[in-house]
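Heads up, final_27.txt below (compact mmCIF, C-alpha atoms):
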# COMPACT_ATOMS: atom_id res chain seq x y z
CA MET K 1 23.79 139.17 -49.96
CA SER K 2 22.64 140.18 -46.49
CA THR K 3 23.27 143.70 -45.24
CA ASN K 4 22.57 143.01 -41.56
CA THR K 5 25.06 145.29 -39.82
CA ASN K 6 24.82 143.23 -36.62
CA LYS K 7 26.53 140.31 -38.30
CA ILE K 8 30.26 139.63 -38.03
CA ARG K 9 31.62 140.57 -41.44
CA VAL K 10 34.40 138.22 -42.63
CA LEU K 11 36.90 138.41 -45.48
CA ILE K 12 38.44 135.07 -46.47
CA VAL K 13 41.93 135.20 -48.00
CA ASP K 14 43.15 131.89 -49.44
CA ASP K 15 44.68 130.83 -52.74
CA SER K 16 42.65 127.60 -52.74
CA ALA K 17 39.23 128.01 -54.37
CA LEU K 18 38.01 124.92 -52.52
CA ILE K 19 39.05 126.30 -49.13
CA ARG K 20 37.42 129.64 -49.93
CA GLN K 21 34.24 127.83 -50.90
CA MET K 22 34.24 125.60 -47.83
CA LEU K 23 34.98 128.41 -45.36
CA THR K 24 32.27 130.56 -46.96
CA ALA K 25 29.69 127.78 -46.63
CA ILE K 26 30.65 127.05 -43.02
CA LEU K 27 30.63 130.67 -41.89
CA ASP K 28 27.54 131.74 -43.83
CA SER K 29 25.62 128.86 -42.24
CA ASP K 30 25.75 130.73 -38.93
CA PRO K 31 23.13 133.48 -38.56
CA ASP K 32 25.59 135.79 -36.79
CA ILE K 33 28.28 135.72 -39.50
CA GLU K 34 28.41 137.04 -43.05
CA VAL K 35 31.25 136.42 -45.51
CA VAL K 36 31.40 139.77 -47.32
CA ALA K 37 34.08 138.69 -49.82
CA THR K 38 36.91 136.30 -50.61
CA ALA K 39 40.34 136.97 -52.08
CA PRO K 40 42.88 134.60 -53.68
CA ASP K 41 45.92 136.66 -52.65
CA PRO K 42 46.96 139.55 -50.37
CA TYR K 43 46.95 142.19 -53.12
CA ILE K 44 43.27 141.65 -53.85
CA ALA K 45 42.62 141.30 -50.11
CA ARG K 46 44.20 144.69 -49.46
CA GLU K 47 41.75 146.45 -51.79
CA LYS K 48 38.77 144.58 -50.32
CA ILE K 49 39.79 145.50 -46.78
CA LYS K 50 39.82 149.17 -47.83
CA SER K 51 36.42 149.02 -49.54
CA LEU K 52 34.54 146.61 -47.25
CA ASN K 53 36.08 147.19 -43.81
CA PRO K 54 35.53 143.60 -42.55
CA ASP K 55 35.45 142.72 -38.84
CA VAL K 56 37.55 139.54 -39.13
CA LEU K 57 40.07 138.24 -41.67
CA THR K 58 40.92 134.58 -42.24
CA LEU K 59 44.38 134.40 -43.77
CA ASP K 60 46.16 131.54 -45.48
CA VAL K 61 49.83 131.09 -44.63
CA GLU K 62 51.11 130.05 -48.06
CA MET K 63 49.94 132.16 -51.01
CA PRO K 64 51.31 133.38 -54.34
CA ARG K 65 52.71 136.90 -54.92
CA MET K 66 52.92 137.62 -51.17
CA ASP K 67 53.06 135.12 -48.32
CA GLY K 68 50.65 135.39 -45.40
CA ILE K 69 53.32 136.41 -42.89
CA THR K 70 54.53 139.36 -44.96
CA PHE K 71 50.97 140.52 -45.49
CA LEU K 72 50.12 140.10 -41.80
CA ARG K 73 53.20 142.09 -40.75
CA ASN K 74 52.14 144.98 -42.97
CA LEU K 75 48.49 144.73 -41.95
CA MET K 76 49.15 144.75 -38.19
CA ARG K 77 51.46 147.72 -38.56
CA LEU K 78 49.12 149.84 -40.69
CA ARG K 79 45.61 148.60 -39.84
CA PRO K 80 45.43 146.20 -36.87
CA MET K 81 42.38 143.93 -37.05
CA PRO K 82 41.36 140.47 -35.82
CA VAL K 83 43.05 137.83 -37.98
CA LEU K 84 42.66 134.05 -37.90
CA MET K 85 45.45 132.16 -39.62
CA VAL K 86 44.59 129.11 -41.72
CA SER K 87 47.51 126.72 -41.29
CA SER K 88 48.48 123.18 -42.21
CA LEU K 89 49.31 120.72 -39.45
CA THR K 90 52.97 120.37 -40.33
CA GLU K 91 56.15 121.35 -38.53
CA GLN K 92 56.74 124.12 -41.06
CA GLY K 93 53.12 125.21 -40.72
CA ALA K 94 53.52 125.28 -36.95
CA ASP K 95 56.60 127.52 -37.09
CA VAL K 96 54.94 129.97 -39.46
CA THR K 97 51.73 130.03 -37.43
CA LEU K 98 53.61 130.73 -34.20
CA GLU K 99 55.38 133.57 -35.98
CA ALA K 100 51.96 134.88 -37.05
CA MET K 101 50.83 134.87 -33.42
CA GLU K 102 53.90 136.93 -32.55
CA LEU K 103 52.87 139.43 -35.21
CA GLY K 104 49.41 139.81 -33.70
CA ALA K 105 47.15 137.10 -35.19
CA ILE K 106 44.42 136.21 -32.71
CA ASP K 107 44.30 132.45 -33.31
CA PHE K 108 44.47 129.84 -36.05
CA VAL K 109 42.37 127.13 -37.64
CA THR K 110 43.92 124.05 -39.17
CA LYS K 111 43.75 123.23 -42.85
CA PRO K 112 43.51 119.47 -43.55
CA ARG K 113 45.93 117.99 -46.05
CA ILE K 114 43.67 115.16 -47.29
CA ASP K 115 39.92 114.73 -47.77
CA VAL K 116 39.58 118.48 -47.41
CA GLN K 117 35.82 118.75 -47.84
CA HIS K 118 34.91 116.23 -45.14
CA ALA K 119 37.67 117.31 -42.79
CA MET K 120 36.71 120.98 -42.99
CA GLN K 121 33.13 120.12 -42.07
CA ALA K 122 34.43 118.30 -39.00
CA TYR K 123 36.06 121.58 -37.92
CA ALA K 124 32.95 123.67 -38.69
CA GLU K 125 31.90 124.30 -35.10
CA GLU K 126 35.43 125.25 -34.06
CA ILE K 127 35.85 127.61 -37.03
CA VAL K 128 32.59 129.42 -36.29
CA ALA K 129 33.46 129.72 -32.59
CA LYS K 130 36.90 131.14 -33.35
CA VAL K 131 35.55 133.72 -35.78
CA LYS K 132 33.05 134.88 -33.16
CA MET K 133 35.80 135.00 -30.55
CA ALA K 134 38.12 136.91 -32.89
CA ALA K 135 35.45 139.54 -33.49
CA LYS K 136 35.47 140.34 -29.76
CA ALA K 137 39.23 140.06 -29.30
CA ARG K 138 41.75 142.86 -28.94
CA PRO K 139 44.18 142.80 -31.87
CA ARG K 140 47.69 144.02 -31.13
CA ALA K 141 49.39 146.46 -33.42
CA TYR K 142 52.79 145.25 -34.64
CA SER K 143 55.90 147.96 -33.52
CA ASP K 144 34.35 111.20 -40.97
CA ASP K 145 31.57 111.79 -43.25
CA GLY K 146 30.37 114.96 -44.82
CA SER K 147 28.02 115.85 -42.00
CA ARG K 148 28.84 118.25 -39.18
CA SER K 149 30.65 116.41 -36.41
CA ALA K 150 28.82 115.78 -33.16
CA VAL K 151 29.52 118.17 -30.30
CA LYS K 152 32.00 116.65 -27.87
CA PRO K 153 30.66 116.18 -24.35
CA ARG K 154 31.89 118.82 -21.92
CA LEU K 155 33.62 116.56 -19.40
CA SER K 156 35.16 117.75 -16.15
CA ALA K 157 38.57 116.78 -14.78
CA ASP K 158 36.84 113.83 -13.07
CA ALA K 159 37.09 112.04 -16.43
CA VAL K 160 40.89 111.95 -16.08
CA ILE K 161 41.86 112.39 -12.44
CA GLY K 162 39.95 111.92 -9.18
CA ARG K 163 40.06 114.29 -6.24
CA SER K 164 42.66 113.55 -3.59
CA ARG K 165 41.79 113.63 0.10
CA HIS K 166 45.42 113.95 1.15
CA ARG K 167 46.59 117.28 -0.19
CA PRO K 168 49.86 118.71 1.16
CA GLN K 169 49.08 121.04 4.07
CA PHE K 170 52.59 122.20 5.03
CA ARG K 171 55.08 124.39 3.24
CA THR K 172 58.20 122.68 1.96
CA THR K 173 61.31 123.77 0.09
CA ASP K 174 59.86 122.12 -3.05
CA SER K 175 57.54 124.36 -5.03
CA LEU K 176 56.11 124.56 -8.53
CA ILE K 177 54.47 127.06 -10.87
CA ALA K 178 51.54 125.90 -13.03
CA ILE K 179 50.38 127.99 -15.99
CA GLY K 180 47.31 127.53 -18.19
CA ALA K 181 46.35 129.40 -21.37
CA SER K 182 44.44 129.19 -24.63
CA THR K 183 43.64 131.88 -27.23
CA GLY K 184 46.45 134.44 -27.23
CA GLY K 185 48.38 132.24 -24.84
CA THR K 186 51.45 131.55 -26.95
CA GLU K 187 52.46 135.20 -26.76
CA ALA K 188 51.31 135.61 -23.15
CA ILE K 189 53.41 132.61 -22.08
CA LYS K 190 56.36 134.04 -23.99
CA GLU K 191 56.15 137.33 -22.07
CA VAL K 192 55.96 135.56 -18.71
CA LEU K 193 58.84 133.17 -19.45
CA GLN K 194 61.08 135.97 -20.74
CA ALA K 195 60.77 137.68 -17.35
CA LEU K 196 61.55 134.63 -15.19
CA PRO K 197 65.19 134.07 -14.11
CA ALA K 198 67.14 130.87 -14.67
CA ASP K 199 66.75 129.69 -11.06
CA THR K 200 62.93 129.88 -11.01
CA PRO K 201 61.19 126.80 -9.54
CA GLY K 202 59.96 124.25 -12.08
CA VAL K 203 57.16 125.46 -14.35
CA VAL K 204 54.49 123.24 -15.93
CA ILE K 205 52.34 124.64 -18.73
CA THR K 206 49.17 123.57 -20.49
CA GLN K 207 48.43 125.61 -23.63
CA HIS K 208 45.59 124.55 -25.92
CA ILE K 209 47.53 123.67 -29.06
CA PRO K 210 47.52 120.95 -31.75
CA ALA K 211 49.91 118.03 -31.41
CA ALA K 212 52.04 119.18 -34.35
CA PHE K 213 52.54 122.59 -32.75
CA SER K 214 53.58 121.84 -29.16
CA ALA K 215 57.16 120.71 -29.85
CA PRO K 216 57.93 123.72 -32.12
CA PHE K 217 56.32 125.98 -29.52
CA ALA K 218 58.51 124.52 -26.76
CA LYS K 219 61.59 124.94 -28.93
CA ARG K 220 60.62 128.54 -29.64
CA MET K 221 60.18 129.26 -25.92
CA ASP K 222 63.52 127.63 -25.12
CA GLY K 223 65.20 130.16 -27.40
CA ILE K 224 63.79 133.18 -25.54
CA SER K 225 63.85 132.02 -21.92
CA ALA K 226 66.66 131.95 -19.36
CA MET K 227 65.11 128.67 -18.21
CA SER K 228 65.37 125.41 -20.15
CA VAL K 229 62.08 124.71 -21.95
CA CYS K 230 60.96 121.38 -23.38
CA GLU K 231 57.90 119.41 -24.38
CA ALA K 232 57.03 117.30 -21.34
CA GLU K 233 57.75 113.56 -21.34
CA ASP K 234 56.11 110.94 -19.17
CA GLY K 235 58.10 110.29 -15.97
CA GLN K 236 60.35 113.32 -16.52
CA GLN K 237 61.57 114.84 -13.25
CA ILE K 238 60.51 118.44 -12.63
CA VAL K 239 63.49 120.49 -11.50
CA ARG K 240 64.27 124.13 -10.79
CA GLY K 241 65.17 126.21 -13.82
CA HIS K 242 63.15 124.05 -16.23
CA VAL K 243 59.81 124.49 -18.01
CA TYR K 244 57.63 121.58 -19.19
CA ILE K 245 54.96 122.18 -21.85
CA ALA K 246 52.11 119.69 -22.36
CA PRO K 247 52.17 117.81 -25.67
CA GLY K 248 49.32 118.90 -27.90
CA ASP K 249 47.43 115.61 -27.71
CA ARG K 250 47.87 114.50 -24.09
CA HIS K 251 46.97 115.81 -20.66
CA LEU K 252 49.88 116.87 -18.46
CA LEU K 253 49.67 115.99 -14.77
CA VAL K 254 52.11 116.38 -11.89
CA GLU K 255 52.78 113.47 -9.58
CA ARG K 256 54.86 113.12 -6.45
CA ASP K 257 57.42 110.31 -6.66
CA GLY K 258 59.07 110.09 -3.26
CA ALA K 259 60.82 113.40 -2.72
CA ARG K 260 60.52 114.36 -6.38
CA PHE K 261 57.82 115.76 -8.65
CA VAL K 262 57.48 114.15 -12.09
CA CYS K 263 55.46 114.79 -15.23
CA ARG K 264 52.76 112.31 -16.12
CA LEU K 265 51.12 112.24 -19.54
CA ASN K 266 47.58 110.95 -19.91
CA GLU K 267 45.59 110.00 -23.01
CA GLY K 268 42.22 110.25 -21.26
CA PRO K 269 39.22 111.93 -22.88
CA PRO K 270 39.14 115.66 -23.60
CA VAL K 271 38.13 117.76 -20.59
CA ASN K 272 36.12 120.91 -21.32
CA ARG K 273 36.59 119.66 -24.91
CA HIS K 274 40.36 120.05 -24.63
CA ARG K 275 43.29 117.68 -24.46
CA PRO K 276 45.50 118.88 -22.90
CA SER K 277 43.22 120.49 -20.34
CA VAL K 278 44.21 123.16 -17.83
CA ASP K 279 41.68 121.81 -15.32
CA VAL K 280 43.45 118.45 -15.35
CA LEU K 281 46.87 120.03 -14.76
CA PHE K 282 45.61 122.33 -12.01
CA ARG K 283 43.78 119.54 -10.19
CA SER K 284 46.90 117.37 -10.17
CA VAL K 285 48.91 120.30 -8.80
CA ALA K 286 46.29 120.95 -6.12
CA ASP K 287 46.34 117.28 -5.12
CA GLN K 288 50.07 116.67 -5.24
CA ILE K 289 51.60 120.04 -4.32
CA GLY K 290 48.84 122.08 -2.73
CA ILE K 291 50.07 124.99 -0.64
CA ASN K 292 53.52 124.81 -2.27
CA ALA K 293 52.26 125.82 -5.73
CA VAL K 294 51.50 129.01 -7.64
CA GLY K 295 48.76 128.85 -10.26
CA VAL K 296 48.55 131.28 -13.20
CA LEU K 297 45.64 131.50 -15.64
CA LEU K 298 46.29 133.51 -18.79
CA THR K 299 44.21 134.67 -21.75
CA GLY K 300 41.90 132.13 -23.35
CA MET K 301 38.43 131.40 -24.68
CA GLY K 302 36.03 129.32 -22.58
CA ASN K 303 36.35 128.27 -18.95
CA ASP K 304 39.00 125.53 -18.89
CA GLY K 305 41.20 126.00 -15.84
CA ALA K 306 38.74 128.02 -13.74
CA HIS K 307 37.54 125.12 -11.62
CA GLY K 308 41.06 123.73 -11.43
CA MET K 309 42.25 127.08 -10.11
CA GLN K 310 39.45 126.98 -7.55
CA GLU K 311 40.77 123.61 -6.37
CA MET K 312 44.31 125.01 -6.20
CA LYS K 313 43.03 127.93 -4.11
CA GLN K 314 41.20 125.55 -1.79
CA ALA K 315 44.43 123.56 -1.43
CA GLY K 316 46.27 126.68 -0.27
CA ALA K 317 48.08 127.61 -3.50
CA HIS K 318 48.61 131.24 -4.49
CA THR K 319 46.53 132.06 -7.59
CA ILE K 320 47.01 134.75 -10.25
CA ALA K 321 44.86 135.63 -13.27
CA GLN K 322 45.57 137.89 -16.22
CA ASP K 323 43.36 140.97 -16.30
CA GLU K 324 40.78 141.72 -18.97
CA ALA K 325 42.57 144.71 -20.49
CA SER K 326 45.72 142.77 -21.39
CA SER K 327 43.97 139.53 -22.43
CA VAL K 328 43.22 138.74 -26.05
CA VAL K 329 40.11 136.94 -24.76
CA TRP K 330 39.11 137.21 -21.09
CA GLY K 331 37.30 133.87 -20.96
CA MET K 332 39.31 131.49 -18.80
CA PRO K 333 40.79 134.03 -16.36
CA GLY K 334 37.46 135.86 -16.21
CA GLU K 335 35.64 132.67 -15.21
CA ALA K 336 38.17 132.07 -12.42
CA VAL K 337 37.60 135.61 -11.16
CA LYS K 338 33.83 134.96 -11.14
CA LEU K 339 34.42 131.89 -8.97
CA GLY K 340 36.24 134.06 -6.44
CA CYS K 341 39.34 131.87 -6.46
CA VAL K 342 41.94 134.40 -7.65
CA ASP K 343 44.31 136.10 -5.21
CA ARG K 344 45.55 138.68 -7.71
CA VAL K 345 44.24 139.92 -11.09
CA LEU K 346 47.10 141.56 -12.96
CA PRO K 347 48.12 142.88 -16.37
CA LEU K 348 50.35 140.50 -18.29
CA ASN K 349 53.50 142.56 -17.78
CA ARG K 350 53.22 142.21 -13.98
CA ILE K 351 52.52 138.48 -13.73
CA ALA K 352 56.10 137.20 -13.70
CA ALA K 353 56.99 139.58 -10.87
CA ALA K 354 53.92 138.45 -8.95
CA VAL K 355 54.93 134.81 -9.38
CA LEU K 356 58.41 135.55 -8.07
CA GLY K 357 56.93 137.62 -5.24
CA ALA K 358 54.72 134.71 -4.20
CA GLU K 359 57.81 132.50 -4.10
CA GLU K 360 59.71 135.03 -1.96
CA LYS K 361 56.81 135.26 0.50
CA ARG K 362 56.71 131.52 1.00
CA SER K 363 60.48 131.18 1.54
CA PRO K 364 60.58 132.65 5.07
CA ALA K 365 57.86 130.26 6.14
CA VAL K 366 59.90 127.37 4.87
CA ASN K 367 63.06 128.51 6.57
CA GLY K 368 61.30 129.29 9.83
Would you write out, as structure tokens, the structure that this file holds?
Amino acid sequence: MSTNTNKIRVLIVDDSALIRQMLTAILDSDPDIEVVATAPDPYIAREKIKSLNPDVLTLDVEMPRMDGITFLRNLMRLRPMPVLMVSSLTEQGADVTLEAMELGAIDFVTKPRIDVQHAMQAYAEEIVAKVKMAAKARPRAYSDDGSRSAVKPRLSADAVIGRSRHRPQFRTTDSLIAIGASTGGTEAIKEVLQALPADTPGVVITQHIPAAFSAPFAKRMDGISAMSVCEAEDGQQIVRGHVYIAPGDRHLLVERDGARFVCRLNEGPPVNRHRPSVDVLFRSVADQIGINAVGVLLTGMGNDGAHGMQEMKQAGAHTIAQDEASSVVWGMPGEAVKLGCVDRVLPLNRIAAAVLGAEEKRSPAVNG
């Protein structure tokens, strides 16, 4: 076994011997990662964490003797470390995984239910990328064959929506808040929504999330927010006091329909390898709402949303990015900052107030 201290040292915790074997093969195939051990349950994992001090833990949700959530709760209280949950794509799996994110897990990878060996190989690139991301993240303490799948082309928003030449140039009484997020975003979105009052202008959200997870996530947010939160539907009118979250397998766009704004869902190709894509949402907001919008880019890996935020800024929208210190991963907001298209860079706990402040500033202009 390699002793290269520069490698990311991973402990795999899963009751399935096949999953342990597959994850080990996938991660050990990368020169920057070393699986230092595996464990079939949390009790064995606890001893190996003490003796091996791994950099990243992959943790199964359902295990014998102690479930993954109980173990994670104890771990994040006593020894916070980067944890990736391994979850099934079921409604129950979604609920448990979202709870794990609340407890401090960095992200999750999906466990296939059928044809496990081939399906896991298809996720190999994503799994490796998420382990590398987790190793750099800031954990929060708790108080169709067997070959590797081809890399998806990195398309821009042009693949889904063209650029408009007729963006709104004048302030109106109709406004909208657009939020984008990825890794760490479920908890970041929760904190922002909890701080927004019931009469906040309509909010549209794109969070990178699997299709099975978006409806449970919306339901979870509805339970903590003064606003009404739902998974967006095609043609649904966007109204004050409501939040619309993109389904996990379709792009969310905003479209003007007479005097109203409505949600539009699009099954176009992935943009920046994501569907839904933040760039697609932000471009539609820039085109349809322009100066009457506020754009917010929260924690996330990669650069999805940065160019869309640049287009929103060019259209006159007020733009806000989460700062590096409060982000789990400062990828997406950091890229927007590099493009010079962010009006304010703020810690997460100040973003809701900044959104409301931007709305207050625009009101006098509307009312003369």
Would you list the contacts of Asp41 (chain K) as a PDB file with C-alpha atoms, in the coordinates of the input, taking every protein, DNA or RNA residue within 12 Å and counting only C-alpha atoms, but skipping same-chain residues closer than 4 positions in sequence?
ATOM      1  CA  LEU K  11      36.900 138.410 -45.480  1.00  0.00           C
ATOM      2  CA  ILE K  12      38.440 135.070 -46.470  1.00  0.00           C
ATOM      3  CA  VAL K  13      41.930 135.200 -48.000  1.00  0.00           C
ATOM      4  CA  ASP K  14      43.150 131.890 -49.440  1.00  0.00           C
ATOM      5  CA  ASP K  15      44.680 130.830 -52.740  1.00  0.00           C
ATOM      6  CA  SER K  16      42.650 127.600 -52.740  1.00  0.00           C
ATOM      7  CA  ALA K  17      39.230 128.010 -54.370  1.00  0.00           C
ATOM      8  CA  ARG K  20      37.420 129.640 -49.930  1.00  0.00           C
ATOM      9  CA  ALA K  45      42.620 141.300 -50.110  1.00  0.00           C
ATOM     10  CA  ARG K  46      44.200 144.690 -49.460  1.00  0.00           C
ATOM     11  CA  GLU K  47      41.750 146.450 -51.790  1.00  0.00           C
ATOM     12  CA  LYS K  48      38.770 144.580 -50.320  1.00  0.00           C
ATOM     13  CA  THR K  58      40.920 134.580 -42.240  1.00  0.00           C
ATOM     14  CA  LEU K  59      44.380 134.400 -43.770  1.00  0.00           C
ATOM     15  CA  ASP K  60      46.160 131.540 -45.480  1.00  0.00           C
ATOM     16  CA  VAL K  61      49.830 131.090 -44.630  1.00  0.00           C
ATOM     17  CA  GLU K  62      51.110 130.050 -48.060  1.00  0.00           C
ATOM     18  CA  MET K  63      49.940 132.160 -51.010  1.00  0.00           C
ATOM     19  CA  PRO K  64      51.310 133.380 -54.340  1.00  0.00           C
ATOM     20  CA  ARG K  65      52.710 136.900 -54.920  1.00  0.00           C
ATOM     21  CA  MET K  66      52.920 137.620 -51.170  1.00  0.00           C
ATOM     22  CA  ASP K  67      53.060 135.120 -48.320  1.00  0.00           C
ATOM     23  CA  GLY K  68      50.650 135.390 -45.400  1.00  0.00           C
ATOM     24  CA  THR K  70      54.530 139.360 -44.960  1.00  0.00           C
ATOM     25  CA  PHE K  71      50.970 140.520 -45.490  1.00  0.00           C
TER      26      PHE K  71
END
_Please compute the CA of Val271 (chain K)-CA of Gly305 (chain K) distance, one decimal, in Å._
10.0 Å
Residues within 8 Å of Asp249 (chain K), all atoms listed in the file, excluding chain neighbours under 4 positions, as a PDB file with C-alpha atoms, in the coordinates of the input:
ATOM      1  CA  PRO K 210      47.520 120.950 -31.750  1.00  0.00           C
ATOM      2  CA  ALA K 211      49.910 118.030 -31.410  1.00  0.00           C
ATOM      3  CA  GLU K 267      45.590 110.000 -23.010  1.00  0.00           C
ATOM      4  CA  ARG K 275      43.290 117.680 -24.460  1.00  0.00           C
ATOM      5  CA  PRO K 276      45.500 118.880 -22.900  1.00  0.00           C
TER       6      PRO K 276
END
*For Gln314 (chain K), which of K:Pro112, K:Gly290, K:Gly357, K:Gly300 is the closest residue, counting only C-alpha atoms?*
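With only C-alpha atoms as the atom set, the closest residue is K:Gly290.
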Produce a table with one row for each residue of region 246-275 of chain K that has an atom at most 10 Å from any atom of region 189-207 of chain K, each row naming the nearest atom pair and its distance in Å at one decimal; use all atoms listed in the file; arrange rows by chain and rising residue number; format as CSV.
residue,atom,partner,partner_atom,distance
K:Ala246,CA,K:Thr206,CA,5.2
K:Pro247,CA,K:Thr206,CA,8.3
K:Gly248,CA,K:Gln207,CA,8.0
K:Arg250,CA,K:Thr206,CA,9.8
K:His251,CA,K:Thr206,CA,8.1
K:Leu252,CA,K:Thr206,CA,7.0
K:Leu253,CA,K:Val204,CA,8.8
K:Val254,CA,K:Val204,CA,8.3
K:Phe261,CA,K:Gly202,CA,9.4
K:Cys263,CA,K:Val204,CA,8.5
K:His274,CA,K:Gln207,CA,9.9
K:Arg275,CA,K:Thr206,CA,9.2
_Calculated over only C-alpha atoms, which of the candidates K:Asn6, K:Thr97, K:Asn266, K:Asn53 has the smallest distance to Ala159 (chain K)?_
K:Asn266
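Interatomic distance, CA of Asp279 (chain K) against CA of Ser88 (chain K): 27.8 Å.
Around the coordinate (36.8, 132.6, -6.1), residues that reach within 10 Å when counting all atoms listed in the file are Ala306, His307, Met309, Gln310, Glu311, Lys313, Gln314, Thr319, Glu335, Ala336, Val337, Lys338, Leu339, Gly340, Cys341, Val342 and Asp343 of chain K.
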*In Å, rounded to a single decimal, give me how far CA of His318 (chain K) is from CA of Ile291 (chain K).*
7.5 Å
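With distances taken over all atoms listed in the file, K:Val296 is the one residue among K:Ala94, K:Val296, K:Leu346, K:Leu27 lying closest to Val278 (chain K).
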*Compare K:Lys130, K:Arg138, K:Arg113, K:His118 by their minimum atom-to-atom distance to Pro80 (chain K), counting all atoms listed in the file, and give me the closest one.*
K:Arg138
_Using only C-alpha atoms, which protein or nucleic acid residues come within 7 Å of Thr183 (chain K)? Drop anything in the same chain fewer than 2 positions from it, and give the result as a PyMOL selection string._
chain K and resi 107+181+185+299-301+328-329
*Proximity to Leu78 (chain K) - best of K:Ile127, K:Ile49, K:Ala354, K:Val280, all atoms listed in the file*: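 Nearest candidate to Leu78 (chain K) out of K:Ile127, K:Ile49, K:Ala354, K:Val280: K:Ile49.
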Compute the distance from (45.1, 139.2, -20.8) to each atom, counting all atoms listed in the file, keep the residues with any atom at most 9 Å away, and return them as an mmCIF file with C-alpha atoms, in the coordinates of the input; use the coordinates of the file.
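Result file follows (selection.cif):
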data_model
loop_
_atom_site.group_PDB
_atom_site.id
_atom_site.type_symbol
_atom_site.label_atom_id
_atom_site.label_comp_id
_atom_site.auth_asym_id
_atom_site.auth_seq_id
_atom_site.Cartn_x
_atom_site.Cartn_y
_atom_site.Cartn_z
ATOM 1 C CA GLY K 184 46.450 134.440 -27.230
ATOM 2 C CA GLY K 185 48.380 132.240 -24.840
ATOM 3 C CA ALA K 188 51.310 135.610 -23.150
ATOM 4 C CA LEU K 298 46.290 133.510 -18.790
ATOM 5 C CA THR K 299 44.210 134.670 -21.750
ATOM 6 C CA GLY K 300 41.900 132.130 -23.350
ATOM 7 C CA ALA K 321 44.860 135.630 -13.270
ATOM 8 C CA GLN K 322 45.570 137.890 -16.220
ATOM 9 C CA ASP K 323 43.360 140.970 -16.300
ATOM 10 C CA GLU K 324 40.780 141.720 -18.970
ATOM 11 C CA ALA K 325 42.570 144.710 -20.490
ATOM 12 C CA SER K 326 45.720 142.770 -21.390
ATOM 13 C CA SER K 327 43.970 139.530 -22.430
ATOM 14 C CA VAL K 328 43.220 138.740 -26.050
ATOM 15 C CA VAL K 329 40.110 136.940 -24.760
ATOM 16 C CA TRP K 330 39.110 137.210 -21.090
ATOM 17 C CA PRO K 333 40.790 134.030 -16.360
ATOM 18 C CA LEU K 346 47.100 141.560 -12.960
ATOM 19 C CA PRO K 347 48.120 142.880 -16.370
ATOM 20 C CA LEU K 348 50.350 140.500 -18.290
#
*K:Val116, K:Ile209, K:Ile177, K:Ile8: which is nearest Ala129 (chain K), counting all atoms listed in the file?*
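Closest residue, counting all atoms listed in the file: K:Ile8.
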